[in-house]
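Listing of entry_38.pdb, PDB, C-alpha atoms and all ligand atoms
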MODEL        1
ATOM      1  CA  MET A   5       0.000   0.000   0.000
ATOM      2  CA  LEU A   6       1.761   3.097  -1.208
ATOM      3  CA  ASN A   7       1.256   6.593  -0.070
ATOM      4  CA  THR A   8      -0.010   9.150  -2.517
ATOM      5  CA  CYS A   9       1.522  12.057  -4.374
ATOM      6  CA  LYS A  10       1.134  15.597  -3.055
ATOM      7  CA  CYS A  11      -1.560  16.004  -5.755
ATOM      8  CA  GLY A  12      -3.478  13.084  -4.240
ATOM      9  CA  GLY A  13      -2.653  10.724  -7.111
ATOM     10  CA  GLU A  14      -1.482   7.171  -6.646
ATOM     11  CA  VAL A  15       2.175   6.492  -7.296
ATOM     12  CA  HIS A  16       4.091   3.525  -8.596
ATOM     13  CA  LEU A  17       7.718   2.786  -7.875
ATOM     14  CA  ASP A  18      10.128   2.429 -10.749
ATOM     15  CA  TYR A  19      13.822   2.048 -11.206
ATOM     16  CA  LEU A  20      15.134   4.763 -13.455
ATOM     17  CA  GLN A  21      18.563   4.768 -14.956
ATOM     18  CA  GLY A  22      20.190   7.834 -13.540
ATOM     19  CA  ASP A  23      22.528  10.072 -15.485
ATOM     20  CA  TYR A  24      25.499  11.606 -13.720
ATOM     21  CA  THR A  25      23.410  11.695 -10.523
ATOM     22  CA  GLY A  26      23.508   7.926 -10.320
ATOM     23  CA  GLN A  27      20.782   5.297 -10.354
ATOM     24  CA  TYR A  28      17.720   5.578  -8.204
ATOM     25  CA  TRP A  29      14.353   4.215  -7.475
ATOM     26  CA  TYR A  30      11.653   6.784  -7.900
ATOM     27  CA  ALA A  31       8.064   7.066  -6.766
ATOM     28  CA  ILE A  32       6.228   8.352  -9.817
ATOM     29  CA  CYS A  33       2.744   9.809  -9.725
ATOM     30  CA  ASN A  34       0.293   8.119 -12.083
ATOM     31  CA  ASP A  35      -1.691  11.343 -12.435
ATOM     32  CA  CYS A  36       0.707  14.280 -12.596
ATOM     33  CA  SER A  37       3.945  12.355 -13.300
ATOM     34  CA  ALA A  38       5.760  14.029 -10.401
ATOM     35  CA  GLU A  39       8.917  12.093  -9.563
ATOM     36  CA  TYR A  40      10.146  11.574  -6.032
ATOM     37  CA  PRO A  41      13.718  10.292  -5.947
ATOM     38  CA  LEU A  42      14.472   7.632  -3.347
ATOM     39  CA  LYS A  43      17.828   6.602  -2.003
ATOM     40  CA  SER A  44      17.123   2.903  -1.685
ATOM     41  CA  ASN A  45      18.579   0.515  -4.221
ATOM     42  CA  ASN A  46      15.850  -2.144  -4.203
ATOM     43  CA  ARG A  47      12.068  -2.198  -4.360
ATOM     44  CA  ILE A  48      11.402  -3.373  -0.803
ATOM     45  CA  ASP A  49      13.552  -0.676   0.763
ATOM     46  CA  ALA A  50      12.241   1.919  -1.664
ATOM     47  CA  GLU A  51       8.646   1.163  -0.620
ATOM     48  CA  ARG A  52       9.624   1.385   3.018
ATOM     49  CA  GLU A  53      11.499   4.627   2.444
ATOM     50  CA  TRP A  54       8.591   6.163   0.536
ATOM     51  CA  ASN A  55       6.022   5.237   3.198
ATOM     52  CA  ASN A  56       8.162   6.304   6.134
ATOM     53  CA  CYS A  57       9.498   9.555   4.750
ATOM     54  CA  ILE A  58       6.100  10.824   3.701
ATOM     55  CA  GLU A  59       4.474   9.884   7.006
ATOM     56  CA  ALA A  60       7.299  11.473   8.926
ATOM     57  CA  ASP A  61       6.690  14.831   7.277
ATOM     58  CA  THR A  62       3.348  15.499   8.932
ATOM     59  CA  LYS A  63       4.408  14.080  12.272
ATOM     60  CA  GLN A  64       7.663  16.016  12.114
ATOM     61  CA  THR A  65       5.656  19.193  11.580
ATOM     62  CA  VAL A  66       3.565  18.391  14.664
ATOM     63  CA  THR A  67       6.635  17.578  16.739
ATOM     64  CA  SER A  68       8.254  20.887  15.789
ATOM     65  CA  ALA A  69       5.095  22.893  16.380
ATOM     66  CA  LEU A  70       4.613  21.377  19.838
ATOM     67  CA  SER A  71       8.254  21.584  20.864
ATOM     68  CA  PRO A  72       7.817  24.814  22.906
ATOM     69  CA  TYR A  73       5.157  23.155  25.080
ATOM     70  CA  THR A  74       5.285  20.598  27.872
ATOM     71  CA  ASN A  75       1.620  19.665  27.551
ATOM     72  CA  ALA A  76      -0.258  20.672  24.448
ATOM     73  CA  TYR A  77      -2.455  19.587  21.606
ATOM     74  CA  ALA A  78      -2.468  19.973  17.864
ATOM     75  CA  VAL A  79      -5.304  19.646  15.368
ATOM     76  CA  LEU A  80      -4.812  18.041  11.967
ATOM     77  CA  GLN A  81      -7.431  18.293   9.255
ATOM     78  CA  LEU A  82      -7.910  16.981   5.738
ATOM     79  CA  PRO A  83      -8.321  19.422   2.867
ATOM     80  CA  ILE A  84     -11.947  19.815   1.819
ATOM     81  CA  GLU A  85     -11.385  18.032  -1.498
ATOM     82  CA  ASN A  86     -10.041  14.891   0.188
ATOM     83  CA  GLY A  87     -12.340  11.931  -0.333
ATOM     84  CA  LYS A  88     -11.971  10.752   3.267
ATOM     85  CA  ILE A  89     -13.066  13.971   4.892
ATOM     86  CA  PHE A  90     -15.804  13.558   7.525
ATOM     87  CA  MET A  91     -15.632   9.762   7.174
ATOM     88  CA  GLY A  92     -15.463   7.522  10.217
ATOM     89  CA  TYR A  93     -12.736   5.047  11.038
ATOM     90  CA  ASN A  94     -14.640   2.013   9.755
ATOM     91  CA  ASP A  95     -15.645   3.765   6.530
ATOM     92  CA  ILE A  96     -11.985   4.331   5.697
ATOM     93  CA  HIS A  97     -11.112   0.789   6.841
ATOM     94  CA  GLY A  98      -8.768   2.268   9.415
ATOM     95  CA  ILE A  99      -6.402   3.528   6.717
ATOM     96  CA  ILE A 100      -5.216   6.953   7.804
ATOM     97  CA  ASP A 101      -2.866   8.835   5.499
ATOM     98  CA  PHE A 102      -0.977  11.271   7.687
ATOM     99  CA  GLN A 103       0.605  12.925   4.694
ATOM    100  CA  ASP A 104      -2.828  14.120   3.561
ATOM    101  CA  TYR A 105      -3.360  16.026   6.794
ATOM    102  CA  THR A 106      -2.486  19.628   7.513
ATOM    103  CA  LEU A 107      -1.637  21.038  10.915
ATOM    104  CA  VAL A 108      -4.247  23.737  11.548
ATOM    105  CA  TYR A 109      -3.927  24.600  15.226
ATOM    106  CA  THR A 110      -1.857  24.146  18.351
ATOM    107  CA  GLY A 111      -2.797  25.016  21.905
ATOM    108  CA  ALA A 112      -1.347  24.548  25.361
ATOM    109  CA  LEU A 113      -2.905  22.213  27.914
ATOM    110  CA  GLU A 114      -2.630  23.180  31.541
ATOM    111  CA  LYS A 115      -3.472  19.990  33.318
ATOM    112  CA  LEU A 116      -3.037  16.631  31.726
ATOM    113  CA  ASN A 117      -3.652  13.266  33.261
ATOM    114  CA  PRO A 118      -1.989  10.793  30.892
ATOM    115  CA  GLU A 119      -4.071   7.991  32.405
ATOM    116  CA  ASN A 120      -7.250   9.580  31.143
ATOM    117  CA  ILE A 121      -6.881  11.485  27.906
ATOM    118  CA  TYR A 122     -10.475  11.077  26.720
ATOM    119  CA  PRO A 123     -12.084  13.829  28.830
ATOM    120  CA  ILE A 124      -9.372  16.179  27.555
ATOM    121  CA  LEU A 125     -10.161  15.219  23.975
ATOM    122  CA  ASP A 126     -13.866  15.780  24.652
ATOM    123  CA  ASN A 127     -13.096  19.215  26.090
ATOM    124  CA  ILE A 128     -11.038  20.110  23.036
ATOM    125  CA  PHE A 129     -13.874  18.903  20.810
ATOM    126  CA  GLU A 130     -16.396  21.040  22.654
ATOM    127  CA  LYS A 131     -14.171  24.098  22.638
ATOM    128  CA  LEU A 132     -13.402  23.794  18.929
ATOM    129  CA  ASN A 133     -17.100  23.479  18.141
ATOM    130  CA  ILE A 134     -18.886  25.929  20.381
ATOM    131  CA  ALA A 135     -16.260  28.321  21.727
ATOM    132  CA  HIS A 136     -13.407  28.713  19.245
ATOM    133  CA  PRO A 137     -10.321  30.437  20.654
ATOM    134  CA  THR A 138      -9.859  33.808  18.938
ATOM    135  CA  ASP A 139      -6.779  32.527  17.128
ATOM    136  CA  TYR A 140      -8.576  29.455  15.780
ATOM    137  CA  HIS A 141      -9.357  29.878  12.103
ATOM    138  CA  ALA A 142      -9.938  26.292  11.020
ATOM    139  CA  ARG A 143     -13.171  24.318  10.565
ATOM    140  CA  SER A 144     -14.926  23.171  13.702
ATOM    141  CA  LEU A 145     -13.402  19.936  14.912
ATOM    142  CA  SER A 146     -15.204  16.998  13.341
ATOM    143  CA  VAL A 147     -15.071  13.367  12.296
ATOM    144  CA  SER A 148     -11.876  12.487  10.366
ATOM    145  CA  ASP A 149      -9.798  15.148  12.132
ATOM    146  CA  ILE A 150      -6.799  14.059  14.190
ATOM    147  CA  VAL A 151      -5.884  15.524  17.549
ATOM    148  CA  ALA A 152      -2.302  15.099  18.720
ATOM    149  CA  ILE A 153      -1.756  15.227  22.456
ATOM    150  CA  LYS A 154       1.677  15.995  23.818
ATOM    151  CA  HIS A 155       2.448  14.964  27.361
ATOM    152  CA  GLN A 156       6.023  15.802  28.303
ATOM    153  CA  ASN A 157       8.043  14.104  25.569
ATOM    154  CA  THR A 158       5.374  11.828  24.154
ATOM    155  CA  ILE A 159       2.950  12.681  21.391
ATOM    156  CA  SER A 160      -0.119  10.476  20.862
ATOM    157  CA  TYR A 161      -2.516  10.760  17.962
ATOM    158  CA  TYR A 162      -6.278  10.369  18.230
ATOM    159  CA  PHE A 163      -8.662  10.044  15.314
ATOM    160  CA  CYS A 164     -11.992  11.773  15.811
ATOM    161  CA  ASP A 165     -14.504   9.032  15.022
ATOM    162  CA  GLN A 166     -18.275   9.110  14.681
ATOM    163  CA  ALA A 167     -18.619   8.235  18.342
ATOM    164  CA  GLY A 168     -15.542   8.994  20.370
ATOM    165  CA  TRP A 169     -11.839   8.713  19.662
ATOM    166  CA  ARG A 170      -9.425   6.136  18.389
ATOM    167  CA  LEU A 171      -5.788   6.053  19.381
ATOM    168  CA  ILE A 172      -3.838   5.698  16.145
ATOM    169  CA  LYS A 173      -0.196   5.398  15.128
TER     170      LYS A 173
HETATM  171 ZN    ZN A 201       0.712  13.728  -8.560
ENDMDL
END
Is it possible to express this structure as structure tokens?
Amino acid sequence: MLNTCKCGGEVHLDYLQGDYTGQYWYAICNDCSAEYPLKSNNRIDAEREWNNCIEADTKQTVTSALSPYTNAYAVLQLPIENGKIFMGYNDIHGIIDFQDYTLVYTGALEKLNPENIYPILDNIFEKLNIAHPTDYHARSLSVSDIVAIKHQNTISYYFCDQAGWRLIK
């Protein structure tokens, strides 16, 4: 299962004869033909590299954005044109493409009991639906959004499902 191109298109992996730059595997978009050079020298590693590096981008963004905080949260949302927007976990068969998500908000959390995150998530949900902070300019929090919770040095990701939350990786 490959990740998608920035345009949303599916990619295939292909080995292209390099010129003076050498020989590389590429992920090539089937729709827009964008080429993503990979460092790996075989298909298995290239697939792994493609999946990991793309996923890391979004999570890296979250990690950086939350780095000033001890306890905090971040909200990730899909662009409106994404086919999985507002869909529940079962409807998307649990397949969550982090690279499709955009970080839209971060906020500090004062008190955080790591043993019981769910009331905190419910509070965030309520706040981002009925009492937006003045600096919140995104859509109201809804199904298919992801909330990242940072507690000290650990960040956990929760998918906003039709009823409640799902801890995801
Ligand atoms: Zn593309």
- request: Determine, counting only C-alpha atoms, which protein, DNA and RNA residues have an atom within 10 Å of an atom of Asn86 (chain A); residues of the same chain fewer than 6 positions away are not included. Present the result as a list in words.
  value: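 Listing them by chain and then by number gives Gly12, Asp104 and Tyr105 of chain A.
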- prompt: Selected by the PyMOL selection byres (((chain A and resi 156) around 8) and not hetatm) in the shown coordinates: which residues, as a PyMOL selection string?
  reply: chain A and resi 74-75+154-155+157-158
- prompt: What do you get as number ranges by chain if you pick all residues at most 7 Å from ligand ZN 201 (chain A), counting only C-alpha atoms and all ligand atoms?
  reply: A: 9-13, 33-38
field: Output check: residues returned by the PyMOL selection byres (((chain A and resi 17) around 8) and not hetatm), as a list in words
entry: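 For this structure, the PyMOL selection byres (((chain A and resi 17) around 8) and not hetatm) resolves to Val15, His16, Asp18, Tyr19, Trp29, Tyr30, Ala31, Ile32, Arg47, Ala50 and Glu51 of chain A.
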task: Decode the PyMOL selection byres (((chain A and resi 144) around 7) and not hetatm) for the given file into explicit residues and return them as a ChimeraX atom specification.
output: /A:132-133,142-143,145-146
Okay, now the selection with C-alpha atoms, as an mmCIF file, keeping the file's coordinate frame?
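Now in part.cif:
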data_model
loop_
_atom_site.group_PDB
_atom_site.id
_atom_site.type_symbol
_atom_site.label_atom_id
_atom_site.label_comp_id
_atom_site.auth_asym_id
_atom_site.auth_seq_id
_atom_site.Cartn_x
_atom_site.Cartn_y
_atom_site.Cartn_z
ATOM 1 C CA LEU A 132 -13.402 23.794 18.929
ATOM 2 C CA ASN A 133 -17.100 23.479 18.141
ATOM 3 C CA ALA A 142 -9.938 26.292 11.020
ATOM 4 C CA ARG A 143 -13.171 24.318 10.565
ATOM 5 C CA LEU A 145 -13.402 19.936 14.912
ATOM 6 C CA SER A 146 -15.204 16.998 13.341
#
statement: Lys88 (chain A) proximity check over A:Lys115, A:Ser148, A:His136, A:Ile172, using only C-alpha atoms: winner is A:Ser148
query: At what distance in Å, to one decimal, does CA of Gln81 (chain A) lie from CA of Leu107 (chain A)?
result: 6.6 Å
- prompt: Interatomic distance between CA of Asp165 (chain A) and CA of Gly92 (chain A)?
  reply: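 Computed distance, CA of Asp165 (chain A) to CA of Gly92 (chain A), equals 5.1 Å.
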Please enclose the listed atoms of region 126-134 of chain A in an axis-aligned box, pad each side by 8 Å, and write out the centre and the three edge lengths in Å, rounded to one decimal, as AutoDock Vina command-line options.
--center_x -15.0 --center_y 20.9 --center_z 22.1 --size_x 23.8 --size_y 26.1 --size_z 23.9
field: Selected residue, from A:Val147, A:Trp169, A:Lys63, A:Pro137, that lies nearest to Phe90 (chain A) when counting only C-alpha atoms
entry: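 Result for the nearest residue to Phe90 (chain A): A:Val147.
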- request: Go ahead and compute the interatomic distance for CA of Ser44 (chain A) and CA of Ile99 (chain A), in Å to one decimal.
  value: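 Answer for the CA of Ser44 (chain A) to CA of Ile99 (chain A) separation: 25.0 Å.
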field: Counting only C-alpha atoms, the residue of A:Lys131, A:Glu114, A:Leu80, A:Asp139 that sits nearest Ile100 (chain A)
entry: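 Counting only C-alpha atoms, the residue closest to Ile100 (chain A) is A:Leu80.
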Taking the structure in the block just given, could you write region 84-99 of chain A with C-alpha atoms, as a PDB file, in the first residue's frame?
ATOM      1  CA  ILE A  84     -11.947  19.815   1.819  1.00  0.00           C
ATOM      2  CA  GLU A  85     -11.385  18.032  -1.498  1.00  0.00           C
ATOM      3  CA  ASN A  86     -10.041  14.891   0.188  1.00  0.00           C
ATOM      4  CA  GLY A  87     -12.340  11.931  -0.333  1.00  0.00           C
ATOM      5  CA  LYS A  88     -11.971  10.752   3.267  1.00  0.00           C
ATOM      6  CA  ILE A  89     -13.066  13.971   4.892  1.00  0.00           C
ATOM      7  CA  PHE A  90     -15.804  13.558   7.525  1.00  0.00           C
ATOM      8  CA  MET A  91     -15.632   9.762   7.174  1.00  0.00           C
ATOM      9  CA  GLY A  92     -15.463   7.522  10.217  1.00  0.00           C
ATOM     10  CA  TYR A  93     -12.736   5.047  11.038  1.00  0.00           C
ATOM     11  CA  ASN A  94     -14.640   2.013   9.755  1.00  0.00           C
ATOM     12  CA  ASP A  95     -15.645   3.765   6.530  1.00  0.00           C
ATOM     13  CA  ILE A  96     -11.985   4.331   5.697  1.00  0.00           C
ATOM     14  CA  HIS A  97     -11.112   0.789   6.841  1.00  0.00           C
ATOM     15  CA  GLY A  98      -8.768   2.268   9.415  1.00  0.00           C
ATOM     16  CA  ILE A  99      -6.402   3.528   6.717  1.00  0.00           C
TER      17      ILE A  99
END
